[in-house]
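Coordinates as given in input_28.tsv (TSV, C-alpha atoms):
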```
chain	number	residue	atom	x	y	z
A	1	LYS	CA	37.16	21.44	-31.10
A	2	PRO	CA	37.93	25.15	-30.62
A	3	LEU	CA	36.92	26.72	-27.33
A	4	GLN	CA	36.01	30.01	-29.00
A	5	VAL	CA	34.63	30.87	-32.42
A	6	PRO	CA	34.78	34.53	-33.58
A	7	PRO	CA	31.61	36.17	-34.94
A	8	HIS	CA	30.70	35.54	-38.59
A	9	SER	CA	33.08	32.57	-38.83
A	10	SER	CA	32.87	28.78	-38.84
A	11	GLU	CA	34.50	26.31	-36.48
A	12	PHE	CA	35.30	24.00	-39.42
A	13	SER	CA	36.57	24.71	-42.96
A	14	PHE	CA	33.46	23.65	-44.87
A	15	TRP	CA	34.75	25.32	-48.08
A	16	LYS	CA	37.73	22.99	-48.42
A	17	PRO	CA	37.46	19.78	-50.48
A	18	GLY	CA	36.82	16.63	-48.47
A	19	LYS	CA	34.19	14.32	-47.09
A	20	GLY	CA	32.49	16.91	-44.92
A	21	TYR	CA	29.51	15.95	-42.80
A	22	THR	CA	27.82	12.59	-43.32
A	23	PRO	CA	24.10	12.68	-42.44
A	24	ASN	CA	23.39	10.47	-39.45
A	25	TYR	CA	20.52	9.56	-37.11
A	26	SER	CA	20.59	12.91	-35.32
A	27	PHE	CA	20.09	15.09	-38.40
A	28	PRO	CA	16.29	14.67	-38.76
A	29	ILE	CA	15.93	15.00	-34.97
A	30	GLN	CA	17.76	18.34	-35.06
A	31	LYS	CA	15.79	19.47	-38.10
A	32	ASN	CA	12.54	18.74	-36.29
A	33	GLY	CA	13.76	20.43	-33.10
A	34	PHE	CA	14.63	23.63	-35.00
A	35	ARG	CA	11.52	23.76	-37.18
A	36	PRO	CA	10.50	27.43	-37.68
A	37	LEU	CA	6.91	26.97	-36.48
A	38	ALA	CA	6.34	24.56	-33.60
A	39	LEU	CA	3.40	23.49	-31.47
A	40	ILE	CA	4.75	22.30	-28.12
A	41	ASP	CA	3.25	20.52	-25.11
A	42	ARG	CA	5.77	20.68	-22.25
A	43	SER	CA	3.89	18.08	-20.20
A	44	LEU	CA	4.69	14.44	-20.99
A	45	LYS	CA	1.99	12.84	-18.84
A	46	SER	CA	0.79	9.72	-20.64
A	47	SER	CA	-1.88	8.05	-18.49
A	48	PHE	CA	-5.41	9.21	-17.70
A	49	PHE	CA	-8.64	7.91	-16.20
A	50	SER	CA	-11.78	7.37	-18.25
A	51	GLY	CA	-14.24	10.23	-17.75
A	52	GLU	CA	-11.66	12.71	-16.41
A	53	SER	CA	-10.95	16.14	-17.84
A	54	PHE	CA	-8.05	16.06	-20.32
A	55	GLN	CA	-6.21	19.36	-19.78
A	56	ARG	CA	-3.14	20.55	-21.68
A	57	GLU	CA	-1.32	23.82	-22.27
A	58	LEU	CA	0.03	24.12	-25.81
A	59	PHE	CA	2.58	26.71	-26.97
A	60	LEU	CA	2.68	27.99	-30.53
A	61	VAL	CA	6.29	29.12	-31.12
A	62	ASN	CA	6.75	31.26	-34.21
A	63	ASP	CA	10.29	31.59	-35.58
A	64	SER	CA	9.06	31.80	-39.16
A	65	PRO	CA	9.55	34.94	-41.35
A	66	SER	CA	5.95	36.13	-40.88
A	67	ASP	CA	3.06	36.38	-38.43
A	68	GLN	CA	0.99	33.20	-38.12
A	69	SER	CA	-2.68	32.67	-37.32
A	70	GLY	CA	-4.90	29.63	-37.54
A	71	THR	CA	-6.36	26.79	-35.49
A	72	ILE	CA	-4.84	24.49	-32.87
A	73	GLU	CA	-6.60	21.13	-32.93
A	74	VAL	CA	-6.27	18.35	-30.36
A	75	LYS	CA	-7.59	14.83	-30.97
A	76	ILE	CA	-7.69	11.60	-28.96
A	77	ILE	CA	-7.76	8.73	-31.44
A	78	ALA	CA	-8.14	5.01	-30.68
A	79	LEU	CA	-5.54	2.70	-32.22
A	80	ASP	CA	-8.21	1.45	-34.65
A	81	GLY	CA	-8.66	5.01	-35.93
A	82	LYS	CA	-11.87	5.86	-34.11
A	83	LEU	CA	-12.09	9.48	-32.88
A	84	ILE	CA	-12.61	9.54	-29.11
A	85	ALA	CA	-12.45	13.27	-28.33
A	86	LYS	CA	-11.65	16.51	-30.18
A	87	LYS	CA	-11.13	20.19	-29.36
A	88	ALA	CA	-10.08	23.17	-31.48
A	89	VAL	CA	-9.09	26.75	-30.55
A	90	LYS	CA	-8.00	29.76	-32.57
A	91	ALA	CA	-4.41	30.98	-32.13
A	92	ALA	CA	-2.20	33.74	-33.53
A	93	ALA	CA	1.51	34.38	-32.93
A	94	LYS	CA	3.54	37.31	-34.22
A	95	ARG	CA	6.89	36.66	-35.83
A	96	GLY	CA	9.48	35.93	-33.14
A	97	TYR	CA	6.88	35.38	-30.39
A	98	ALA	CA	5.08	32.48	-28.72
A	99	VAL	CA	1.52	32.19	-27.43
A	100	SER	CA	-0.02	29.58	-25.13
A	101	LYS	CA	-3.50	28.06	-25.31
A	102	LYS	CA	-5.12	25.89	-22.65
A	103	ILE	CA	-7.14	22.92	-23.87
A	104	SER	CA	-9.75	21.12	-21.77
A	105	MET	CA	-12.04	18.31	-22.90
A	106	LYS	CA	-13.87	15.43	-21.26
A	107	LEU	CA	-12.64	11.90	-21.92
A	108	PRO	CA	-15.47	9.40	-22.48
A	109	ALA	CA	-16.29	7.31	-19.40
A	110	SER	CA	-16.84	4.18	-21.50
A	111	PHE	CA	-13.44	4.04	-23.23
A	112	GLU	CA	-10.25	2.43	-21.97
A	113	GLY	CA	-7.09	1.30	-23.69
A	114	HIS	CA	-4.12	2.73	-25.53
A	115	CYS	CA	-4.73	5.57	-27.99
A	116	ARG	CA	-3.00	8.49	-29.73
A	117	TYR	CA	-2.94	12.05	-28.49
A	118	GLU	CA	-2.55	14.19	-31.62
A	119	ALA	CA	-1.95	17.96	-31.75
A	120	SER	CA	-1.74	20.12	-34.87
A	121	PHE	CA	-1.68	23.73	-36.03
A	122	LYS	CA	-3.42	24.57	-39.29
A	123	SER	CA	-2.89	28.06	-40.72
A	124	ASN	CA	-5.76	30.11	-42.12
A	125	ASP	CA	-4.76	29.14	-45.67
A	126	GLY	CA	-5.61	25.52	-44.83
A	127	LYS	CA	-2.04	24.19	-44.62
A	128	THR	CA	-0.98	22.04	-41.66
A	129	ALA	CA	2.12	23.82	-40.37
A	130	ASP	CA	2.94	21.41	-37.52
A	131	ILE	CA	1.52	18.07	-36.37
A	132	TRP	CA	2.69	15.34	-34.00
A	133	SER	CA	1.24	12.58	-31.85
A	134	ARG	CA	2.20	10.39	-28.91
A	135	GLU	CA	0.67	7.30	-27.35
A	136	ILE	CA	-1.28	7.58	-24.10
A	137	ARG	CA	-3.18	5.15	-21.86
A	138	ILE	CA	-6.75	5.68	-20.70
A	139	SER	CA	-7.96	3.34	-17.92
A	140	LYS	CA	-11.17	2.97	-15.97
A	141	LYS	CA	-10.85	3.50	-12.22
A	142	ALA	CA	-10.72	0.13	-10.47
A	143	GLY	CA	-13.68	-0.80	-8.30
A	144	ALA	CA	-14.92	-3.38	-5.81
A	145	GLU	CA	-14.87	-6.13	-8.46
A	146	PHE	CA	-11.11	-6.34	-7.96
A	147	GLY	CA	-11.41	-7.73	-4.43
A	148	LYS	CA	-13.78	-10.57	-5.38
A	149	THR	CA	-10.99	-12.72	-6.80
A	150	PHE	CA	-8.42	-11.84	-4.12
A	151	LYS	CA	-7.45	-14.90	-2.05
A	152	SER	CA	-4.97	-13.60	0.53
A	153	LYS	CA	-5.91	-12.37	3.98
A	154	VAL	CA	-4.47	-8.84	4.19
A	155	ALA	CA	-2.83	-7.04	7.12
A	156	VAL	CA	-1.91	-3.35	6.87
A	157	PHE	CA	0.60	-1.40	8.94
A	158	GLY	CA	0.72	2.39	8.77
A	159	ASN	CA	-1.19	5.61	9.26
A	160	GLY	CA	-4.16	4.82	7.01
A	161	SER	CA	-2.93	6.43	3.79
A	162	LEU	CA	-4.20	3.47	1.73
A	163	LYS	CA	-7.42	2.84	3.62
A	164	GLU	CA	-9.69	4.60	1.13
A	165	GLU	CA	-8.12	2.87	-1.87
A	166	LEU	CA	-8.23	-0.60	-0.28
A	167	SER	CA	-11.89	-0.12	0.60
A	168	SER	CA	-12.78	1.03	-2.91
A	169	LEU	CA	-11.10	-2.10	-4.33
A	170	GLY	CA	-13.34	-4.33	-2.23
A	171	LEU	CA	-10.42	-5.84	-0.31
A	172	LYS	CA	-10.86	-7.25	3.18
A	173	PHE	CA	-8.06	-6.00	5.41
A	174	GLU	CA	-7.11	-5.34	9.00
A	175	TYR	CA	-4.83	-2.65	10.41
A	176	LEU	CA	-2.22	-3.86	12.91
A	177	LYS	CA	-0.53	-1.76	15.59
A	178	SER	CA	2.62	-3.88	15.59
A	179	LEU	CA	4.34	-6.51	13.44
A	180	GLU	CA	4.72	-9.19	16.12
A	181	SER	CA	4.83	-12.67	14.61
A	182	ALA	CA	1.86	-13.84	16.67
A	183	LYS	CA	-0.31	-11.11	15.15
A	184	LEU	CA	0.95	-11.69	11.60
A	185	ALA	CA	0.44	-15.46	11.73
A	186	ALA	CA	-3.18	-15.22	10.57
A	187	PHE	CA	-2.32	-13.26	7.39
A	188	GLN	CA	-0.75	-14.10	4.04
A	189	LEU	CA	-0.12	-10.54	2.78
A	190	LEU	CA	1.29	-7.56	4.67
A	191	ILE	CA	1.05	-4.03	3.27
A	192	VAL	CA	3.44	-1.52	4.85
A	193	GLU	CA	2.14	1.96	4.07
A	194	LYS	CA	4.12	5.06	3.16
A	195	ASP	CA	6.72	6.23	5.73
A	196	ALA	CA	5.83	3.49	8.23
A	197	VAL	CA	9.36	2.13	8.72
A	198	LYS	CA	11.08	3.88	11.63
A	199	ILE	CA	14.79	4.20	12.41
A	200	GLY	CA	15.86	1.94	15.27
A	201	SER	CA	12.80	-0.33	15.04
A	202	THR	CA	12.86	-4.10	14.52
A	203	MET	CA	10.47	-3.89	11.56
A	204	ASN	CA	13.12	-5.10	9.08
A	205	ARG	CA	13.62	-8.35	11.01
A	206	GLN	CA	9.87	-8.79	11.55
A	207	MET	CA	9.16	-8.40	7.82
A	208	ARG	CA	11.91	-10.90	6.94
A	209	GLU	CA	10.60	-13.45	9.45
A	210	PHE	CA	7.08	-13.07	8.06
A	211	ALA	CA	8.37	-13.61	4.50
A	212	ARG	CA	10.50	-16.61	5.45
A	213	SER	CA	7.44	-18.35	6.82
A	214	GLY	CA	5.65	-17.91	3.46
A	215	GLY	CA	4.22	-14.42	3.84
A	216	ARG	CA	4.32	-11.74	1.17
A	217	VAL	CA	5.12	-8.10	1.90
A	218	LEU	CA	4.32	-4.97	-0.13
A	219	LEU	CA	6.57	-2.19	1.13
A	220	LEU	CA	5.53	1.22	-0.19
A	221	GLU	CA	7.46	4.53	-0.21
A	222	GLN	CA	9.78	4.88	2.79
A	223	ASN	CA	12.26	7.39	4.16
A	224	VAL	CA	14.27	4.59	5.79
A	225	SER	CA	15.49	1.44	4.05
A	226	PRO	CA	14.79	-1.85	5.86
A	227	PHE	CA	17.54	-3.58	3.83
A	228	SER	CA	21.07	-3.38	5.20
A	229	GLY	CA	22.71	-3.70	1.78
A	230	LEU	CA	20.28	-1.45	-0.09
A	231	PRO	CA	20.45	2.15	1.13
A	232	LEU	CA	17.93	4.78	0.07
A	233	GLU	CA	19.19	7.97	-1.55
A	234	CYS	CA	17.30	11.24	-2.11
A	235	LYS	CA	16.88	11.25	-5.86
A	236	ALA	CA	13.92	12.90	-7.57
A	237	LEU	CA	13.50	11.12	-10.90
A	238	GLN	CA	10.98	11.59	-13.69
A	239	THR	CA	11.45	8.18	-15.29
A	240	GLN	CA	12.26	4.55	-14.56
A	241	PHE	CA	12.84	1.74	-17.05
A	242	ILE	CA	11.63	-1.86	-16.98
A	243	ARG	CA	14.41	-4.37	-16.32
A	244	ALA	CA	12.36	-7.52	-15.57
A	245	PRO	CA	9.62	-7.48	-18.24
A	246	GLN	CA	8.43	-11.02	-17.42
A	247	HIS	CA	7.73	-10.25	-13.76
A	248	PRO	CA	3.99	-10.54	-12.97
A	249	ALA	CA	3.96	-7.10	-11.29
A	250	LEU	CA	4.85	-5.50	-14.65
A	251	GLN	CA	2.64	-7.46	-17.03
A	252	GLY	CA	0.74	-5.24	-19.44
A	253	MET	CA	2.87	-2.19	-18.56
A	254	SER	CA	5.52	-0.36	-20.56
A	255	ASP	CA	8.28	2.20	-19.92
A	256	SER	CA	5.82	5.04	-20.58
A	257	ASP	CA	3.85	3.94	-17.49
A	258	PHE	CA	6.85	4.81	-15.33
A	259	ALA	CA	7.38	8.40	-16.41
A	260	PHE	CA	5.82	11.83	-15.82
A	261	TRP	CA	2.80	10.98	-13.66
A	262	GLY	CA	1.79	14.65	-13.30
A	263	ASN	CA	0.95	17.59	-15.53
A	264	ALA	CA	3.94	19.77	-14.59
A	265	PRO	CA	6.27	20.67	-17.52
A	266	TYR	CA	9.15	18.23	-17.84
A	267	PRO	CA	11.85	20.99	-17.57
A	268	ALA	CA	10.47	22.11	-14.19
A	269	GLN	CA	12.90	21.67	-11.28
A	270	ALA	CA	10.00	20.66	-9.03
A	271	GLY	CA	6.46	19.50	-9.63
A	272	ASP	CA	4.21	16.50	-9.87
A	273	CYS	CA	5.96	15.05	-12.94
A	274	TYR	CA	8.56	13.39	-10.67
A	275	ILE	CA	7.73	9.77	-9.87
A	276	THR	CA	10.31	9.21	-7.10
A	277	GLU	CA	11.75	11.15	-4.18
A	278	ARG	CA	14.01	8.45	-2.75
A	279	VAL	CA	15.29	5.36	-4.54
A	280	TYR	CA	17.32	2.28	-3.69
A	281	VAL	CA	21.00	2.34	-4.69
A	282	LYS	CA	21.55	-0.81	-6.73
A	283	ASN	CA	24.06	-3.39	-5.54
A	284	ASP	CA	25.43	-6.63	-7.06
A	285	SER	CA	21.89	-8.09	-7.30
A	286	LYS	CA	22.80	-11.28	-5.44
A	287	HIS	CA	19.80	-11.00	-3.14
A	288	ALA	CA	17.51	-8.56	-4.96
A	289	LEU	CA	15.83	-8.53	-8.36
A	290	PHE	CA	15.64	-4.96	-9.68
A	291	LEU	CA	12.39	-4.65	-11.62
A	292	LEU	CA	12.91	-0.97	-12.55
A	293	ASP	CA	15.95	1.27	-12.69
A	294	GLY	CA	17.07	4.68	-13.92
A	295	ASP	CA	19.05	7.81	-13.12
A	296	GLU	CA	19.19	11.51	-13.92
A	297	GLY	CA	21.22	11.14	-17.10
A	298	GLY	CA	23.62	13.84	-18.19
A	299	PHE	CA	26.69	14.37	-20.34
A	300	GLY	CA	28.42	11.06	-19.77
A	301	THR	CA	27.68	11.02	-16.03
A	302	GLY	CA	24.22	9.42	-16.06
A	303	GLY	CA	23.49	5.75	-15.53
A	304	LEU	CA	21.02	3.21	-14.25
A	305	ALA	CA	22.24	3.11	-10.67
A	306	TYR	CA	18.91	3.58	-8.87
A	307	SER	CA	15.87	1.34	-8.55
A	308	GLY	CA	12.33	2.37	-7.67
A	309	LEU	CA	10.96	-1.19	-7.55
A	310	LEU	CA	12.67	-4.39	-6.46
A	311	GLU	CA	11.91	-7.86	-5.15
A	312	VAL	CA	13.72	-9.70	-2.36
A	313	LYS	CA	12.87	-13.36	-1.81
A	314	GLU	CA	13.08	-14.64	1.74
A	315	GLY	CA	12.50	-18.32	2.47
A	316	ALA	CA	9.07	-19.33	1.17
A	317	GLY	CA	7.91	-15.72	0.71
A	318	CYS	CA	9.02	-12.42	-0.75
A	319	ILE	CA	9.16	-8.65	-0.23
A	320	LEU	CA	8.18	-6.27	-3.01
A	321	ALA	CA	9.62	-2.83	-2.26
A	322	CYS	CA	8.25	0.12	-4.23
A	323	GLN	CA	9.67	3.65	-3.96
A	324	LEU	CA	7.59	5.14	-6.76
A	325	GLN	CA	5.17	7.78	-5.47
A	326	VAL	CA	2.17	5.49	-5.81
A	327	THR	CA	0.29	6.59	-2.68
A	328	ASP	CA	0.07	10.27	-3.64
A	329	ASN	CA	-0.78	9.60	-7.29
A	330	LEU	CA	-3.55	7.00	-7.07
A	331	LYS	CA	-6.21	9.57	-8.00
A	332	LYS	CA	-4.04	11.45	-10.51
A	333	SER	CA	-2.34	8.78	-12.60
A	334	ALA	CA	-3.91	5.67	-14.12
A	335	SER	CA	-0.42	4.15	-14.31
A	336	ALA	CA	0.11	4.56	-10.55
A	337	GLU	CA	-3.15	2.75	-9.78
A	338	LEU	CA	-2.42	0.06	-12.36
A	339	LEU	CA	0.99	-0.61	-10.80
A	340	LEU	CA	-0.59	-0.98	-7.35
A	341	LEU	CA	-3.14	-3.46	-8.72
A	342	LYS	CA	-0.43	-5.44	-10.52
A	343	MET	CA	1.68	-5.62	-7.34
A	344	PHE	CA	-1.35	-6.82	-5.35
A	345	GLN	CA	-2.06	-9.52	-7.93
A	346	ALA	CA	1.58	-10.62	-8.13
A	347	LEU	CA	1.80	-11.06	-4.36
A	348	ASP	CA	-1.62	-12.71	-4.10
A	349	SER	CA	-0.59	-15.37	-6.63
A	350	PHE	CA	3.04	-15.70	-5.48
A	351	ALA	CA	4.34	-19.25	-5.01
A	352	PRO	CA	7.93	-20.12	-4.05
A	353	ALA	CA	10.00	-21.83	-6.73
A	354	SER	CA	10.11	-25.57	-6.26
A	355	LYS	CA	13.53	-27.06	-5.59
A	356	THR	CA	14.77	-29.19	-8.49
A	357	PRO	CA	16.76	-32.29	-7.41
A	358	PHE	CA	20.02	-32.77	-9.29
A	359	GLU	CA	22.90	-35.18	-9.64
A	360	VAL	CA	26.57	-34.33	-9.88
A	361	SER	CA	28.53	-36.17	-12.55
A	362	ASP	CA	32.24	-36.25	-13.37
A	363	GLY	CA	31.35	-36.48	-17.09
A	364	SER	CA	33.06	-39.83	-17.63
A	365	ASN	CA	29.95	-41.50	-19.09
A	366	PRO	CA	28.27	-39.17	-21.63
A	367	ALA	CA	25.76	-41.80	-22.74
A	368	GLU	CA	24.52	-42.29	-19.19
A	369	ILE	CA	24.29	-38.51	-18.67
A	370	ALA	CA	22.25	-38.13	-21.88
A	371	ALA	CA	19.91	-40.95	-20.89
A	372	LYS	CA	19.27	-39.44	-17.45
A	373	ALA	CA	18.69	-35.97	-18.95
A	374	LYS	CA	16.16	-37.41	-21.43
A	375	ALA	CA	14.39	-39.04	-18.49
A	376	GLY	CA	13.93	-35.59	-16.93
A	377	LYS	CA	16.76	-35.51	-14.41
A	378	THR	CA	19.03	-32.49	-13.88
A	379	ILE	CA	22.72	-33.26	-14.19
A	380	ILE	CA	25.55	-30.96	-13.15
```

Step by step, read the file and then write its structure as structure tokens.
Amino acid sequence: KPLQVPPHSSEFSFWKPGKGYTPNYSFPIQKNGFRPLALIDRSLKSSFFSGESFQRELFLVNDSPSDQSGTIEVKIIALDGKLIAKKAVKAAAKRGYAVSKKISMKLPASFEGHCRYEASFKSNDGKTADIWSREIRISKKAGAEFGKTFKSKVAVFGNGSLKEELSSLGLKFEYLKSLESAKLAAFQLLIVEKDAVKIGSTMNRQMREFARSGGRVLLLEQNVSPFSGLPLECKALQTQFIRAPQHPALQGMSDSDFAFWGNAPYPAQAGDCYITERVYVKNDSKHALFLLDGDEGGFGTGGLAYSGLLEVKEGAGCILACQLQVTDNLKKSASAELLLLKMFQALDSFAPASKTPFEVSDGSNPAEIAAKAKAGKTII
């Protein structure tokens, strides 16, 4: 590939006989990206609460040969085709210019579920010049009904950042001033709030001892890692990807639930669209199950080296460590609240895997091995 191409020339000899370009998967993507008239929403937030105000800023970008005027229309449509909400505004953009329009409409308090967010621009001659849609989730805010089926006795350690949310969920809980084993003995679930782990403390050992005795720990966003083999690294990420889809803490959730929790434009270098500030650096996974992972991406340098949610099993219990910015987004993102509820439920219902007895065989008697296996025994 040449490093420099002179003006009014081509970097390849397209006029010579030969195969030339073969259309591939990227061609329609590029064609759509360079369409002459585009309606663009720079925010990729995909989860909302029932009854909240749905606010977007749409840009009409006009690279067509003429001035454009018409109507921007936004619709929220249920997957069965039912119209949930609709808003239209007039817009006009001169050739070579872009204009922005802010849209605000109330989502119905009675609806929840997955639906389509559709945006379109229709010119004054009645033609639809641009239209697209993406799936979003609308969820009702959880209430006190949640706590009625909760079985575990809950202890909380921290500065009270979750107190309001726990109360609204109808959970019975008690704040502890220390994690001494004698104080934790009466509880089945320990919630460690944001930034509660301190350098030089014995909290890591106390949490492990509690888990080994059958306790379950929910460890929320921390500046200090309590795991010796899992360091935390400053890494602001906008997305994470599901790696353990069968885990109970992720049931009913998809990759879109772990991306862009805020309204800030996705190209912004800072803003509320980032879902992590610090993440665990993945290791060989011998002692941890990484439920989510991701990275910054890039030109051949990206990867999946960082995890925002992992599980470590200790003895008869487990530790669920979450570095996603759940605490600060509980009132902003339906996905953040849903994840917290799913983690609570997973830990409340957690049971250690039963040990399966097995026999070791040298393989000299296949018929005997087959008979024992048919009887339900495990043979190695």

query = Between A:Asn283, A:Asn159, A:Ser47, A:Ser139, which has the minimum distance to A:Ser228 (counting only C-alpha atoms)?
reply = A:Asn283

message = Excluding stretch 65-74 of chain A and its own-chain neighbours fewer than 5 positions away, which residues fall within 9 Å of it when counting only C-alpha atoms? Please give them as a VMD selection string.
response = chain A and resid 36 to 37 39 58 60 85 to 97 101 103 117 to 126

task = Dig up all the protein and nucleic acid residues within 10 Å of (-0.7, 10.4, -5.3) in the file frame, using only C-alpha atoms, and format them as a PyMOL selection string.
result = chain A and resi 261-262+272+275+324-333+336-337

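If you count only C-alpha atoms and ignore residues fewer than 4 places along the chain from A:Pro231, what sits within 7 Å of it is Ser225, Phe227, Tyr280 and Val281 of chain A.
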
inquiry  = Would you compute the distance between atom CA of A:Lys355 and atom CA of A:Gly215? Give it in Å to one decimal.
reply    = 18.3 Å

Give me the residues near A:Gly200 as an mmCIF file with C-alpha atoms, in the frame of the given file, where near means some atom within 12 Å (using all atoms listed in the file) and where sequence neighbours in that chain fewer than 5 positions away do not count.
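Writing done, so here's result.cif:
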```
data_model
loop_
_atom_site.group_PDB
_atom_site.id
_atom_site.type_symbol
_atom_site.label_atom_id
_atom_site.label_comp_id
_atom_site.auth_asym_id
_atom_site.auth_seq_id
_atom_site.Cartn_x
_atom_site.Cartn_y
_atom_site.Cartn_z
ATOM 1 C CA ARG A 205 13.620 -8.350 11.010
ATOM 2 C CA VAL A 224 14.270 4.590 5.790
ATOM 3 C CA SER A 225 15.490 1.440 4.050
ATOM 4 C CA PRO A 226 14.790 -1.850 5.860
#
```

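Between A:Val197 and the candidates A:Glu180, A:Glu221, A:Glu174, A:Asp295, the tightest atom-to-atom separation, counting only C-alpha atoms, involves A:Glu221.
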